[in-house]
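J.: Dropping in work-v7.txt, with compact mmCIF, C-alpha atoms.
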```txt
# COMPACT_ATOMS: atom_id res chain seq x y z
CA MET A 1 -3.54 6.07 12.11
CA PHE A 2 -0.72 4.68 10.02
CA SER A 3 1.34 6.43 7.44
CA ARG A 4 2.93 4.36 4.70
CA LEU A 5 4.42 1.10 3.61
CA LYS A 6 7.96 0.76 2.33
CA PHE A 7 9.01 -1.83 -0.21
CA LEU A 8 12.53 -2.70 -1.29
CA PHE A 9 13.57 -4.66 -4.39
CA LEU A 10 17.30 -4.54 -5.01
CA PHE A 11 19.32 -5.41 -8.14
CA PRO A 12 23.10 -5.25 -7.48
CA ILE A 13 24.69 -4.18 -10.78
CA ARG A 14 27.58 -6.62 -10.63
CA TYR A 15 25.18 -9.58 -10.68
CA HIS A 16 22.50 -8.16 -12.95
CA ALA A 17 25.09 -7.57 -15.69
CA TRP A 18 25.77 -11.31 -15.77
CA GLY A 19 22.17 -12.40 -15.92
CA SER A 20 21.99 -12.77 -12.17
CA LEU A 21 20.29 -10.75 -9.48
CA SER A 22 19.89 -10.49 -5.79
CA ILE A 23 16.50 -9.52 -4.49
CA VAL A 24 15.45 -8.29 -1.12
CA VAL A 25 11.77 -7.57 -0.74
CA PHE A 26 11.05 -5.47 2.28
CA ALA A 27 7.66 -4.33 3.52
CA THR A 28 7.05 -2.36 6.65
CA ALA A 29 4.30 -0.27 8.17
CA VAL A 30 5.00 2.59 10.57
CA ILE A 31 2.71 4.35 13.01
CA SER A 32 3.25 8.02 12.21
CA THR A 33 2.36 9.29 15.67
CA GLN A 34 4.93 7.12 17.44
CA VAL A 35 8.68 7.48 17.88
CA SER A 36 10.55 6.18 14.83
CA ASP A 37 12.82 3.79 16.72
CA ARG A 38 10.72 2.04 19.30
CA ARG A 39 13.66 -0.09 20.45
CA GLY A 40 15.15 3.12 21.86
CA PHE A 41 11.97 3.72 23.83
CA ALA A 42 12.52 4.40 27.53
CA ASN A 43 11.33 0.90 28.43
CA SER A 44 13.26 -1.28 25.96
CA GLU A 45 11.93 -4.38 27.73
CA LEU A 46 8.57 -3.47 26.27
CA TYR A 47 9.85 -4.06 22.74
CA GLU A 48 11.38 -7.41 23.71
CA ASP A 49 8.07 -8.41 25.26
CA VAL A 50 6.28 -7.58 22.00
CA LEU A 51 8.79 -9.71 20.05
CA ASP A 52 8.11 -12.63 22.36
CA ARG A 53 4.36 -12.29 22.01
CA TRP A 54 3.81 -11.41 18.35
CA GLY A 55 6.95 -12.35 16.45
CA THR A 56 9.92 -10.48 15.04
CA PRO A 57 10.72 -8.88 11.66
CA ILE A 58 10.55 -11.69 9.11
CA ASP A 59 13.62 -12.58 7.05
CA GLN A 60 12.79 -15.48 4.73
CA PRO A 61 15.74 -16.73 2.65
CA ALA A 62 15.00 -18.48 -0.62
CA PRO A 63 15.48 -22.25 -0.57
CA SER A 64 18.86 -23.66 -1.53
CA VAL A 65 19.64 -26.69 -3.68
CA ARG A 66 22.86 -28.71 -3.67
CA SER A 67 23.70 -31.51 -6.09
CA VAL A 68 26.19 -34.29 -6.72
CA GLU A 69 26.60 -36.85 -9.48
CA SER A 70 24.52 -39.91 -8.64
CA GLY A 71 26.56 -42.62 -6.99
CA THR A 72 29.25 -40.32 -5.60
CA VAL A 73 29.85 -39.21 -2.02
CA PHE A 74 27.61 -36.42 -0.69
CA THR A 75 30.59 -34.54 0.71
CA THR A 76 31.17 -33.08 -2.79
CA LEU A 77 27.83 -31.27 -3.04
CA GLU A 78 27.78 -28.27 -5.39
CA PRO A 79 25.26 -25.38 -5.37
CA LEU A 80 22.55 -25.57 -8.04
CA ALA A 81 20.54 -22.49 -9.05
CA LEU A 82 16.77 -22.72 -9.14
CA SER A 83 15.36 -22.53 -12.66
CA ARG A 84 12.20 -20.73 -11.50
CA GLN A 85 10.81 -19.09 -8.37
CA THR A 86 7.20 -18.02 -8.00
CA VAL A 87 6.37 -16.51 -4.62
CA ALA A 88 3.19 -14.89 -3.32
CA VAL A 89 2.95 -13.30 0.12
CA LYS A 90 -0.30 -11.97 1.53
CA THR A 91 -0.13 -9.89 4.68
CA GLU A 92 -2.74 -8.25 6.86
CA MET A 93 -1.68 -5.50 9.21
CA SER A 94 -2.55 -6.11 12.84
CA TYR A 95 -1.49 -3.13 14.92
CA ARG A 96 -0.73 -3.99 18.50
CA LYS A 97 -0.76 -1.67 21.49
CA ARG A 98 1.55 -2.43 24.38
CA GLY A 99 1.68 0.13 27.12
CA LEU A 100 1.49 3.53 25.41
CA VAL A 101 3.11 2.38 22.17
CA TYR A 102 1.63 0.93 18.98
CA PHE A 103 3.54 -1.76 17.11
CA SER A 104 3.02 -2.66 13.46
CA GLY A 105 2.38 -6.38 13.59
CA PHE A 106 1.01 -8.42 10.72
CA GLU A 107 -0.35 -11.85 9.89
CA PHE A 108 0.92 -13.40 6.67
CA VAL A 109 0.65 -16.39 4.35
CA PHE A 110 3.69 -17.44 2.32
CA ASP A 111 3.23 -19.56 -0.80
CA GLY A 112 6.22 -20.40 -3.01
CA GLU A 113 6.85 -22.78 -5.89
CA PHE A 114 10.43 -23.58 -6.87
CA ALA A 115 11.63 -25.46 -9.95
CA VAL A 116 14.92 -27.27 -10.44
CA GLU A 117 16.40 -28.70 -13.65
CA ASN A 118 19.29 -31.07 -14.15
CA PRO A 119 21.88 -29.32 -16.37
CA GLU A 120 24.33 -32.24 -16.33
CA PRO A 121 24.74 -35.04 -18.91
CA HIS A 122 24.14 -37.60 -16.16
CA ALA A 123 21.76 -38.22 -13.27
CA ILE A 124 22.28 -36.15 -10.11
CA ASP A 125 21.28 -36.50 -6.48
CA ILE A 126 20.01 -33.29 -4.93
CA VAL A 127 19.29 -31.83 -1.51
CA PHE A 128 16.50 -29.21 -1.34
CA VAL A 129 16.65 -27.11 1.85
CA PHE A 130 13.97 -24.62 2.88
CA PRO A 131 14.77 -22.53 5.97
CA VAL A 132 11.88 -21.51 8.20
CA SER A 133 12.35 -20.05 11.66
CA VAL A 134 9.46 -21.37 13.69
CA ASP A 135 9.98 -19.25 16.81
CA ARG A 136 10.96 -16.10 14.94
CA ASN A 137 8.07 -16.24 12.47
CA ARG A 138 5.51 -17.59 14.93
CA VAL A 139 4.73 -20.10 12.20
CA LEU A 140 1.46 -22.01 12.37
CA LEU A 141 2.83 -25.48 11.67
CA SER A 142 -0.72 -26.85 11.38
CA GLU A 143 -0.90 -24.86 8.12
CA PHE A 144 2.58 -25.80 6.86
CA GLU A 145 2.39 -27.68 3.56
CA PHE A 146 5.12 -29.18 1.36
CA ARG A 147 4.29 -30.38 -2.17
CA ALA A 148 6.44 -32.40 -4.58
CA ASN A 149 5.40 -31.95 -8.22
CA GLY A 150 1.98 -30.86 -6.98
CA GLU A 151 1.48 -33.79 -4.59
CA ARG A 152 1.47 -33.17 -0.87
CA GLU A 153 4.28 -34.83 1.07
CA SER A 154 4.83 -35.23 4.79
CA VAL A 155 8.05 -33.55 5.94
CA ALA A 156 9.43 -32.48 9.30
CA LEU A 157 11.88 -29.92 10.56
CA THR A 158 15.46 -31.15 10.56
CA ASP A 159 16.63 -32.04 14.07
CA GLY A 160 18.51 -29.20 15.70
CA SER A 161 17.65 -26.62 13.00
CA ASP A 162 14.73 -24.73 11.50
CA THR A 163 14.96 -26.24 8.01
CA ILE A 164 12.89 -28.54 5.83
CA THR A 165 15.14 -30.93 3.89
CA TRP A 166 14.22 -33.14 0.93
CA THR A 167 16.58 -35.43 -0.97
CA GLY A 168 16.00 -37.12 -4.31
CA ARG A 169 17.36 -37.95 -7.74
CA LEU A 170 17.01 -36.14 -11.06
CA PRO A 171 17.72 -38.09 -14.24
CA GLU A 172 19.61 -36.57 -17.13
CA GLY A 173 17.41 -33.78 -18.52
CA GLY A 174 15.01 -34.17 -15.59
CA ALA A 175 13.14 -31.43 -13.73
CA MET A 176 11.04 -31.10 -10.60
CA THR A 177 9.02 -28.57 -8.60
CA ARG A 178 8.80 -28.21 -4.84
CA SER A 179 6.23 -25.97 -3.18
CA VAL A 180 6.11 -24.61 0.35
CA SER A 181 3.30 -22.72 2.04
CA TYR A 182 2.82 -21.66 5.63
CA ALA A 183 1.12 -19.04 7.77
CA GLY A 184 2.73 -16.94 10.46
CA ARG A 185 2.96 -13.54 12.05
CA GLY A 186 5.68 -10.96 12.37
CA LEU A 187 6.52 -7.40 13.33
CA ASP A 188 7.53 -4.36 11.26
CA ALA A 189 8.95 -6.06 8.16
CA PHE A 190 8.84 -9.01 5.78
CA THR A 191 11.99 -9.79 3.79
CA TYR A 192 12.46 -12.38 1.05
CA ARG A 193 16.13 -12.83 0.25
CA LEU A 194 17.80 -14.54 -2.70
CA ASP A 195 21.32 -15.92 -2.67
CA PRO A 196 23.43 -13.18 -4.36
CA LYS A 197 26.08 -15.75 -5.31
CA LEU A 198 23.75 -17.67 -7.64
CA PRO A 199 21.92 -16.58 -10.78
CA ALA A 200 18.22 -15.89 -10.20
CA ARG A 201 16.18 -17.06 -13.18
CA ASN A 202 12.48 -16.53 -13.83
CA VAL A 203 11.73 -14.91 -10.48
CA GLN A 204 8.22 -13.64 -9.78
CA PHE A 205 7.35 -12.07 -6.46
CA ASP A 206 3.87 -10.76 -5.61
CA LEU A 207 3.19 -8.95 -2.36
CA THR A 208 -0.27 -7.99 -1.10
CA VAL A 209 -0.70 -5.85 2.01
CA PHE A 210 -4.14 -5.37 3.53
CA GLY A 211 -4.80 -2.69 6.11
CA GLY A 212 -2.82 0.13 4.52
CA GLY A 213 -2.83 1.82 1.13
CA ASN A 214 0.16 4.21 1.21
CA TYR A 215 3.65 3.07 0.28
CA ASP A 216 6.99 4.35 -0.96
CA TYR A 217 10.43 3.04 -1.92
CA PRO A 218 13.78 3.70 -0.24
CA GLY A 219 16.28 5.67 -2.33
CA GLY A 220 18.02 3.83 -5.16
CA ILE A 221 15.52 0.97 -5.25
CA VAL A 222 13.95 -0.44 -8.41
CA PRO A 223 10.17 -0.04 -7.99
CA ALA A 224 7.62 -2.77 -8.57
CA HIS A 225 6.62 -3.10 -12.21
CA ARG A 226 2.99 -3.71 -11.26
CA VAL A 227 1.06 -1.73 -8.66
CA GLU A 228 -2.63 -1.93 -7.77
CA GLN A 229 -3.64 0.35 -4.94
CA THR A 230 -6.82 1.01 -3.00
CA ALA A 231 -7.56 2.92 0.19
CA GLU A 232 -7.11 -0.24 2.25
CA SER A 233 -4.57 -2.34 0.37
CA ALA A 234 -1.60 -2.37 -1.95
CA GLU A 235 -0.64 -5.11 -4.42
CA LEU A 236 2.86 -5.01 -5.86
CA GLY A 237 4.54 -7.35 -8.29
CA TRP A 238 8.09 -7.80 -9.55
```
Turn the structure described in the file into structure tokens.
T.:
Amino acid sequence: MFSRLKFLFLFPIRYHAWGSLSIVVFATAVISTQVSDRRGFANSELYEDVLDRWGTPIDQPAPSVRSVESGTVFTTLEPLALSRQTVAVKTEMSYRKRGLVYFSGFEFVFDGEFAVENPEPHAIDIVFVFPVSVDRNRVLLSEFEFRANGERESVALTDGSDTITWTGRLPEGGAMTRSVSYAGRGLDAFTYRLDPKLPARNVQFDLTVFGGGNYDYPGGIVPAHRVEQTAESAELGW
């Protein structure tokens, strides 16, 4: 019924050589008996209708952190690299039929924990921003959870944008963790994208796909270092 899953995990050489990396994790399932590009199908409105009903390909950027010396104006914010990222995504394929065409939809749960450390010899004020596209991801906001150092906090989407924003202060030598989890649904692909301009330290990404056991990697891609495969699922870790 379905053929294979494709996963992409990319290390650009110019960043990896300097202890930095950019990662794009890409998972997709394709119905082998269907045309490869369904958007070119005779009735392209059909594809748009599916996007409206079941969600689009998911592109989840990593959160960003900006900082400024405590007591100074926030207009001088500087980017601050995360000291650790631990992300787990569990997906379950949910193939949808619309007209005569099957579409590779999926339900997913995203769970990420992100650590930040103060590298400065003084206290800093920080802004933690997590982007989440509610309409695009068909996010179930009733299952959205934000945790600060393990304790649940109430947060809301920033007015006029699909972002969660948290501000706070880190003392000299201080550290914190912020965790985000939510459920949603998408179509064709799930992408987790790091900022290629910042060093990526202590990154762990685990992807579990239920409803399909075959997978491969696009050319030139570093494969997962851990693979556990059954007839109905694939678990990959980087």
J.: Around the point (13.5, -18.5, 8.3), in the coordinates given by the file, pick out the residues reaching within 8 Å, counting only C-alpha atoms, and return them as a PyMOL selection string.
T.: chain A and resi 58-61+131-134+136-137+162-163
J.: For the atom pair atom CA of Leu100 of chain A and atom CA of Ser233 of chain A, what is the interatomic distance in Å to one decimal place?
T.: 26.4 Å
J.: Find the residues around Leu77 of chain A up to 6 Å (all atoms listed in the file counted), leave out those fewer than 6 positions away in its own chain, and share them as a list of chain:residue names.
T.: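 The residues that qualify are A:Arg66, A:Ser67, A:Val68.
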J.: For a test of reading the model, state the distance in Å between atom CA of Ser104 of chain A and atom CA of Leu187 of chain A, rounded to one decimal.
T.: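 According to the coordinates, atom CA of Ser104 of chain A and atom CA of Leu187 of chain A are separated by 5.9 Å.
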J.: Point out the residue among A:Ser70, A:Gln85, A:Thr56, A:Thr167 with the least atom-to-atom distance to Asn202 of chain A, counting all atoms listed in the file.
T.: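 Ranked by minimum distance to Asn202 of chain A, first place goes to A:Gln85.
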J.: Around the point (18.2, -26.8, -2.6) (coordinates from the file), which residues reach within 9 Å if we count only C-alpha atoms? Answer as a ChimeraX atom specification.
T.: /A:63-67,79-82,116,126-130,165-167
J.: Leaving out Val155 of chain A and any residue of its chain fewer than 4 positions from it, which residues lie within 10 Å of it when counting all atoms listed in the file, given as a list in words?
T.: Phe144, Glu145, Phe146, Arg147, Ile164, Thr165 and Trp166 of chain A
J.: So that I can see what lies close to Val203 of chain A, please list as a ChimeraX atom specification the residues with an atom at most 9 Å from it, counting only C-alpha atoms and leaving out residues fewer than 5 positions away in the same chain.
T.: /A:83-87,238
J.: Which of these, A:Lys97, A:Arg193, A:Arg185, A:Arg178, has the shortest distance to Ala115 of chain A once you count all atoms listed in the file?
T.: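 Residue with the minimum atom-to-atom distance to Ala115 of chain A: A:Arg178.
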J.: Nearest to Phe108 of chain A: which of A:Asn149, A:Thr76, A:Gln229, A:Thr191 is it, counting all atoms listed in the file?
T.: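 For Phe108 of chain A, the nearest of the candidates is A:Thr191.
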J.: Could you give me the axis-aligned bounding box of segment 91-96 of chain A, with 5 Å of padding per side, as centre plus edge lengths in Å to one decimal, as JSON?
T.:
```
{"center_x": -1.4, "center_y": -6.5, "center_z": 11.6, "size_x": 12.6, "size_y": 16.8, "size_z": 23.8}
```
J.: List the spatial neighbours of Thr91 of chain A as a PyMOL selection string - criterion: any atom at most 10 Å away, all atoms listed in the file, same-chain residues fewer than 6 positions off excluded.
T.: chain A and resi 27+105-110+183-186+190+207-211+233
J.: In Å, how far is it from atom CA of Asp125 of chain A to atom CA of Thr72 of chain A?
T.: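 Here the two named atoms are 8.9 Å from each other.
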